[in-house]
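I have placed the structure first, in the form of structure tokens, so that the comments after it can refer back to it.
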Amino acid sequence: GEQVEQLPSSLIVQEGASVLINCSYTDSASVYFPWYKQEPGKRLQFIIDIRSNMERKQTQRLTLLFDKKTKHLSLHITATQPGDSAIYFCSASPMDSNYQLIWGSGTKLIIKP
Amino acid sequence: DTTVKQNPRYKLARVGKPVNLICSQTMNHDTMYWYQKKPNQAPKLLLFYYDKILNREADTFEKFQSSRPNNSFCSLYIGSAGLEYSAMYLCASSSIGSAETLYFGSGTRLTVL
């Protein structure tokens, strides 16, 4: 079945720096890729998603890149702020829905003020 | 109101005893999900209800039960808790359609002793 891997597992950067979180998946049938984050003590929340018919999606300081050929995604966060400190989860689904979502183990991002 | 509520926040259970966790949402979402999350691991989908139809994952089919007496409520039932059930249990809801966002509750941390 589908497997989703995230790298790195943890990351510490200085406030203002940019970060890159990588995600790879194994099932070429996957078509929907939502990302969620969980700030300390808070619930998981949706941040951005992309579908397999797109290569790039941007919202505010987040840019999500998708490479169907290599089965790879990259989440780029610019001008990081302490509030960006969180665990970021990549996920993949073979359906254009939240059914059958397979999740990565997460990337813990710490922003140093 | 985009709130998913879970009760209790913490639950202590004895090995071999039953456990019942509760989730509610007021967004009239047609689908409700239960995930299991262990430290440093990916969230694992246990089951979900689309309307009144229960879908359970194959590898957790016999371990977890659920009921959805109405659109707003969904429970997760463990008939006989084992030590391996100690985890965070996350409830989420969404509306069917083109991959609508998952809204998560704060979770119930279950400790089995």
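Ligands are numbered from 1 in the order shown, chains are lettered A, B, ... in the order of the structure tokens, and residues start at 1 in each chain.
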Could you give me, as a CSV table (one decimal) with N, CA and C atoms, in the first residue's frame, the residues within 10 Å of Val19 of chain B, counting only C-alpha atoms and dropping anything in the same chain fewer than 5 positions from it?
```csv
chain,number,residue,atom,x,y,z
B,11,LYS,N,-8.0,9.9,29.3
B,11,LYS,CA,-8.7,8.7,29.8
B,11,LYS,C,-7.7,7.7,30.2
B,12,LEU,N,-8.0,7.2,31.4
B,12,LEU,CA,-7.2,6.1,32.0
B,12,LEU,C,-8.0,4.8,32.0
B,13,ALA,N,-7.5,3.8,31.5
B,13,ALA,CA,-8.2,2.5,31.4
B,13,ALA,C,-7.3,1.3,31.9
B,14,ARG,N,-8.0,0.3,32.4
B,14,ARG,CA,-7.3,-0.9,32.8
B,14,ARG,C,-7.3,-1.9,31.7
B,64,PHE,N,-11.8,-2.1,16.9
B,64,PHE,CA,-12.5,-0.9,17.2
B,64,PHE,C,-14.0,-1.0,16.6
B,76,LEU,N,-16.2,6.1,19.6
B,76,LEU,CA,-15.2,5.0,19.3
B,76,LEU,C,-15.2,4.1,20.5
B,77,TYR,N,-15.4,2.8,20.3
B,77,TYR,CA,-15.5,1.9,21.4
B,77,TYR,C,-14.4,0.8,21.2
B,78,ILE,N,-13.7,0.6,22.3
B,78,ILE,CA,-12.7,-0.5,22.4
B,78,ILE,C,-13.3,-1.5,23.4
B,79,GLY,N,-13.5,-2.7,23.0
B,79,GLY,CA,-14.2,-3.7,23.9
B,79,GLY,C,-13.3,-4.2,25.0
B,80,SER,N,-12.0,-4.3,24.7
B,80,SER,CA,-11.1,-4.8,25.7
B,80,SER,C,-9.7,-4.2,25.5
B,81,ALA,N,-9.4,-3.2,26.3
B,81,ALA,CA,-8.2,-2.4,26.0
B,81,ALA,C,-7.0,-3.2,26.3
B,110,LEU,N,-5.5,8.4,25.6
B,110,LEU,CA,-5.8,7.2,26.3
B,110,LEU,C,-4.6,6.5,26.8
B,112,VAL,N,-3.5,3.1,28.9
B,112,VAL,CA,-4.0,1.8,29.4
B,112,VAL,C,-2.9,1.2,30.3
```
Selection: 8 Å around His76 of chain A, only C-alpha atoms, excl. self and same-chain fewer than 2 positions, as an NGL selection string: :A and (18-21 or 61-64 or 74 or 78)
Taking only C-alpha atoms into account, produce a table as a Markdown table in which each residue of chain A with an atom at most 6 Å from an atom of chain B appears once, together with its shortest atom pair and the distance in Å to one decimal, ordered by chain and rising number.
```
| residue | atom | partner | partner_atom | distance |
| --- | --- | --- | --- | --- |
| A:Arg43 | CA | B:Ser106 | CA | 4.9 |
| A:Leu44 | CA | B:Phe104 | CA | 5.9 |
| A:Asp96 | CA | B:Ala99 | CA | 5.6 |
| A:Ser97 | CA | B:Ala99 | CA | 3.7 |
| A:Asn98 | CA | B:Ala99 | CA | 5.6 |
| A:Trp103 | CA | B:Ala42 | CA | 5.4 |
| A:Gly104 | CA | B:Ala42 | CA | 5.2 |
| A:Ser105 | CA | B:Ala42 | CA | 3.9 |
```
Keeping all heavy atoms for every residue in the selection just given, could you write it to a file as a PDB file, in the first residue's frame?
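See out-v2.pdb below for the written result:
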```
ATOM      1  N   ARG A  43      -4.776  21.731  18.007  1.00  0.00           N
ATOM      2  CA  ARG A  43      -5.243  20.643  17.162  1.00  0.00           C
ATOM      3  C   ARG A  43      -4.620  20.717  15.772  1.00  0.00           C
ATOM      4  O   ARG A  43      -4.126  21.754  15.348  1.00  0.00           O
ATOM      5  CB  ARG A  43      -6.774  20.684  17.067  1.00  0.00           C
ATOM      6  CG  ARG A  43      -7.337  21.948  16.445  1.00  0.00           C
ATOM      7  CD  ARG A  43      -8.851  21.992  16.610  1.00  0.00           C
ATOM      8  NE  ARG A  43      -9.258  22.239  17.988  1.00  0.00           N
ATOM      9  CZ  ARG A  43     -10.476  22.020  18.454  1.00  0.00           C
ATOM     10  NH1 ARG A  43     -11.418  21.540  17.670  1.00  0.00           N
ATOM     11  NH2 ARG A  43     -10.774  22.265  19.722  1.00  0.00           N
ATOM     12  N   LEU A  44      -4.654  19.613  15.082  1.00  0.00           N
ATOM     13  CA  LEU A  44      -4.217  19.571  13.696  1.00  0.00           C
ATOM     14  C   LEU A  44      -5.075  20.511  12.857  1.00  0.00           C
ATOM     15  O   LEU A  44      -6.302  20.529  13.001  1.00  0.00           O
ATOM     16  CB  LEU A  44      -4.365  18.157  13.133  1.00  0.00           C
ATOM     17  CG  LEU A  44      -3.223  17.184  13.362  1.00  0.00           C
ATOM     18  CD1 LEU A  44      -3.701  15.753  13.174  1.00  0.00           C
ATOM     19  CD2 LEU A  44      -2.082  17.480  12.400  1.00  0.00           C
ATOM     20  N   ASP A  96      -9.834  11.586  -4.780  1.00  0.00           N
ATOM     21  CA  ASP A  96      -9.862  13.042  -4.650  1.00  0.00           C
ATOM     22  C   ASP A  96     -10.725  13.413  -3.446  1.00  0.00           C
ATOM     23  O   ASP A  96     -11.742  14.095  -3.563  1.00  0.00           O
ATOM     24  CB  ASP A  96     -10.420  13.674  -5.917  1.00  0.00           C
ATOM     25  CG  ASP A  96     -10.210  15.167  -5.922  1.00  0.00           C
ATOM     26  OD1 ASP A  96      -9.397  15.671  -5.139  1.00  0.00           O
ATOM     27  OD2 ASP A  96     -10.897  15.854  -6.714  1.00  0.00           O
ATOM     28  N   SER A  97     -10.287  12.899  -2.290  1.00  0.00           N
ATOM     29  CA  SER A  97     -11.054  13.125  -1.074  1.00  0.00           C
ATOM     30  C   SER A  97     -10.156  12.796   0.110  1.00  0.00           C
ATOM     31  O   SER A  97      -9.003  12.416  -0.054  1.00  0.00           O
ATOM     32  CB  SER A  97     -12.293  12.230  -1.030  1.00  0.00           C
ATOM     33  OG  SER A  97     -11.912  10.896  -0.727  1.00  0.00           O
ATOM     34  N   ASN A  98     -10.708  12.948   1.301  1.00  0.00           N
ATOM     35  CA  ASN A  98      -9.965  12.622   2.517  1.00  0.00           C
ATOM     36  C   ASN A  98     -10.060  11.142   2.866  1.00  0.00           C
ATOM     37  O   ASN A  98      -9.473  10.699   3.839  1.00  0.00           O
ATOM     38  CB  ASN A  98     -10.479  13.459   3.674  1.00  0.00           C
ATOM     39  CG  ASN A  98     -10.128  14.920   3.501  1.00  0.00           C
ATOM     40  OD1 ASN A  98      -8.970  15.255   3.326  1.00  0.00           O
ATOM     41  ND2 ASN A  98     -11.128  15.777   3.503  1.00  0.00           N
ATOM     42  N   TRP A 103      -0.700   9.136   5.907  1.00  0.00           N
ATOM     43  CA  TRP A 103       0.031  10.267   6.453  1.00  0.00           C
ATOM     44  C   TRP A 103       1.510   9.947   6.629  1.00  0.00           C
ATOM     45  O   TRP A 103       1.901   8.810   6.883  1.00  0.00           O
ATOM     46  CB  TRP A 103      -0.539  10.643   7.827  1.00  0.00           C
ATOM     47  CG  TRP A 103      -1.952  11.128   7.794  1.00  0.00           C
ATOM     48  CD1 TRP A 103      -3.058  10.407   7.469  1.00  0.00           C
ATOM     49  CD2 TRP A 103      -2.418  12.442   8.108  1.00  0.00           C
ATOM     50  NE1 TRP A 103      -4.180  11.196   7.566  1.00  0.00           N
ATOM     51  CE2 TRP A 103      -3.820  12.438   7.958  1.00  0.00           C
ATOM     52  CE3 TRP A 103      -1.784  13.621   8.522  1.00  0.00           C
ATOM     53  CZ2 TRP A 103      -4.606  13.581   8.195  1.00  0.00           C
ATOM     54  CZ3 TRP A 103      -2.560  14.749   8.764  1.00  0.00           C
ATOM     55  CH2 TRP A 103      -3.952  14.713   8.595  1.00  0.00           C
ATOM     56  N   GLY A 104       2.311  10.979   6.530  1.00  0.00           N
ATOM     57  CA  GLY A 104       3.706  10.876   6.929  1.00  0.00           C
ATOM     58  C   GLY A 104       3.824  11.023   8.435  1.00  0.00           C
ATOM     59  O   GLY A 104       2.847  11.363   9.119  1.00  0.00           O
ATOM     60  N   SER A 105       5.026  10.788   8.948  1.00  0.00           N
ATOM     61  CA  SER A 105       5.253  10.823  10.397  1.00  0.00           C
ATOM     62  C   SER A 105       5.459  12.228  10.930  1.00  0.00           C
ATOM     63  O   SER A 105       5.561  12.413  12.146  1.00  0.00           O
ATOM     64  CB  SER A 105       6.469   9.969  10.763  1.00  0.00           C
ATOM     65  OG  SER A 105       6.264   8.638  10.360  1.00  0.00           O
TER      66      SER A 105
END
```
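One finds atom CA of Gly106 of chain A at 22.8 Å from atom CA of Lys69 of chain A.
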Using DSSP on the backbone coordinates, identify all residues within segment 3-112 of chain B classified as strand (DSSP E); present the result as a ChimeraX atom specification. /B:4-7,10-13,19-25,31-37,44-50,53-56,65-70,73-78,87-94,103-104,108-112
Taking 6 positions as the minimum chain separation for residues in the same chain, which residues sit within 9 Å of Glu55 of chain A when counting only C-alpha atoms? Answer as a PDB file with C-alpha atoms, in the first residue's frame.
```
ATOM      1  CA  LEU A  64       3.895  23.628  -2.333  1.00  0.00           C
ATOM      2  CA  LEU A  65       5.690  21.997  -5.242  1.00  0.00           C
ATOM      3  CA  PHE A  66       4.636  18.687  -6.753  1.00  0.00           C
ATOM      4  CA  ASP A  67       6.636  16.410  -9.037  1.00  0.00           C
ATOM      5  CA  LYS A  68       4.492  13.564 -10.322  1.00  0.00           C
TER       6      LYS A  68
END
```
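Residues of chain B carrying a DSSP assignment of helix (DSSP H, G or I), computed from the backbone, are Ala58, Asp59, Thr60, Leu83, Glu84 and Tyr85 of chain B.
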A:Ser9, A:Ser93, A:Gln45, A:Gln81: which is nearest Ser28 of chain A, counting only C-alpha atoms? A:Ser93
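The smallest atom-to-atom distance between Thr26 of chain A and any of A:Lys71, A:Pro113, A:Tyr99, A:Cys90, using only C-alpha atoms, is found for A:Lys71.
Between atom CA of Tyr49 of chain B and atom CA of Phe46 of chain A there is a distance of 20.2 Å.
The interatomic distance for the pair atom CA of Arg68 of chain B and atom CA of Lys17 of chain B works out to 21.8 Å.
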Residue contacts of Val31 of chain A (9 Å, only C-alpha atoms) excluding same-chain residues fewer than 4 positions away, as a PDB file with all heavy atoms, in the first residue's frame:
```pdb
ATOM      1  N   ILE A  50      -2.621  20.121  -2.690  1.00  0.00           N
ATOM      2  CA  ILE A  50      -2.365  20.158  -4.125  1.00  0.00           C
ATOM      3  C   ILE A  50      -2.879  18.869  -4.735  1.00  0.00           C
ATOM      4  O   ILE A  50      -2.910  17.825  -4.057  1.00  0.00           O
ATOM      5  CB  ILE A  50      -0.851  20.376  -4.431  1.00  0.00           C
ATOM      6  CG1 ILE A  50      -0.640  20.827  -5.868  1.00  0.00           C
ATOM      7  CG2 ILE A  50      -0.042  19.116  -4.118  1.00  0.00           C
ATOM      8  CD1 ILE A  50       0.737  21.408  -6.128  1.00  0.00           C
ATOM      9  N   ARG A  51      -3.291  18.942  -5.985  1.00  0.00           N
ATOM     10  CA  ARG A  51      -3.739  17.767  -6.696  1.00  0.00           C
ATOM     11  C   ARG A  51      -2.744  17.416  -7.780  1.00  0.00           C
ATOM     12  O   ARG A  51      -1.935  18.241  -8.188  1.00  0.00           O
ATOM     13  CB  ARG A  51      -5.143  17.995  -7.256  1.00  0.00           C
ATOM     14  CG  ARG A  51      -6.192  18.052  -6.171  1.00  0.00           C
ATOM     15  CD  ARG A  51      -7.571  18.374  -6.669  1.00  0.00           C
ATOM     16  NE  ARG A  51      -8.557  18.258  -5.598  1.00  0.00           N
ATOM     17  CZ  ARG A  51      -8.776  19.178  -4.669  1.00  0.00           C
ATOM     18  NH1 ARG A  51      -8.083  20.301  -4.670  1.00  0.00           N
ATOM     19  NH2 ARG A  51      -9.685  18.972  -3.724  1.00  0.00           N
ATOM     20  N   SER A  52      -2.835  16.198  -8.271  1.00  0.00           N
ATOM     21  CA  SER A  52      -1.802  15.677  -9.165  1.00  0.00           C
ATOM     22  C   SER A  52      -1.799  16.349 -10.538  1.00  0.00           C
ATOM     23  O   SER A  52      -0.870  16.138 -11.321  1.00  0.00           O
ATOM     24  CB  SER A  52      -1.957  14.164  -9.334  1.00  0.00           C
ATOM     25  OG  SER A  52      -3.235  13.850  -9.825  1.00  0.00           O
ATOM     26  N   ASN A  53      -2.810  17.152 -10.827  1.00  0.00           N
ATOM     27  CA  ASN A  53      -2.828  17.864 -12.108  1.00  0.00           C
ATOM     28  C   ASN A  53      -2.194  19.257 -11.995  1.00  0.00           C
ATOM     29  O   ASN A  53      -2.259  20.057 -12.921  1.00  0.00           O
ATOM     30  CB  ASN A  53      -4.253  17.992 -12.645  1.00  0.00           C
ATOM     31  CG  ASN A  53      -5.165  18.739 -11.691  1.00  0.00           C
ATOM     32  OD1 ASN A  53      -4.782  19.059 -10.578  1.00  0.00           O
ATOM     33  ND2 ASN A  53      -6.382  18.978 -12.135  1.00  0.00           N
ATOM     34  N   ALA A  92      -1.315  11.694   1.567  1.00  0.00           N
ATOM     35  CA  ALA A  92      -1.616  11.370   0.171  1.00  0.00           C
ATOM     36  C   ALA A  92      -2.840  10.472   0.109  1.00  0.00           C
ATOM     37  O   ALA A  92      -3.040   9.618   0.981  1.00  0.00           O
ATOM     38  CB  ALA A  92      -0.429  10.668  -0.467  1.00  0.00           C
ATOM     39  N   SER A  93      -3.644  10.653  -0.931  1.00  0.00           N
ATOM     40  CA  SER A  93      -4.826   9.816  -1.116  1.00  0.00           C
ATOM     41  C   SER A  93      -4.995   9.460  -2.585  1.00  0.00           C
ATOM     42  O   SER A  93      -4.817  10.299  -3.459  1.00  0.00           O
ATOM     43  CB  SER A  93      -6.076  10.541  -0.628  1.00  0.00           C
ATOM     44  OG  SER A  93      -7.229   9.767  -0.928  1.00  0.00           O
ATOM     45  N   PRO A  94      -5.393   8.195  -2.857  1.00  0.00           N
ATOM     46  CA  PRO A  94      -5.651   7.794  -4.246  1.00  0.00           C
ATOM     47  C   PRO A  94      -7.006   8.289  -4.739  1.00  0.00           C
ATOM     48  O   PRO A  94      -7.334   8.140  -5.897  1.00  0.00           O
ATOM     49  CB  PRO A  94      -5.623   6.269  -4.169  1.00  0.00           C
ATOM     50  CG  PRO A  94      -6.082   5.980  -2.779  1.00  0.00           C
ATOM     51  CD  PRO A  94      -5.549   7.094  -1.924  1.00  0.00           C
ATOM     52  N   MET A  95      -7.769   8.865  -3.809  1.00  0.00           N
ATOM     53  CA  MET A  95      -9.066   9.392  -4.188  1.00  0.00           C
ATOM     54  C   MET A  95      -9.028  10.901  -4.016  1.00  0.00           C
ATOM     55  O   MET A  95      -8.298  11.421  -3.180  1.00  0.00           O
ATOM     56  CB  MET A  95     -10.159   8.803  -3.298  1.00  0.00           C
ATOM     57  CG  MET A  95     -10.163   7.279  -3.296  1.00  0.00           C
ATOM     58  SD  MET A  95     -11.285   6.617  -2.052  1.00  0.00           S
ATOM     59  CE  MET A  95     -12.859   7.136  -2.701  1.00  0.00           C
ATOM     60  N   ASP A  96      -9.834  11.586  -4.780  1.00  0.00           N
ATOM     61  CA  ASP A  96      -9.862  13.042  -4.650  1.00  0.00           C
ATOM     62  C   ASP A  96     -10.725  13.413  -3.446  1.00  0.00           C
ATOM     63  O   ASP A  96     -11.742  14.095  -3.563  1.00  0.00           O
ATOM     64  CB  ASP A  96     -10.420  13.674  -5.917  1.00  0.00           C
ATOM     65  CG  ASP A  96     -10.210  15.167  -5.922  1.00  0.00           C
ATOM     66  OD1 ASP A  96      -9.397  15.671  -5.139  1.00  0.00           O
ATOM     67  OD2 ASP A  96     -10.897  15.854  -6.714  1.00  0.00           O
TER      68      ASP A  96
END
```
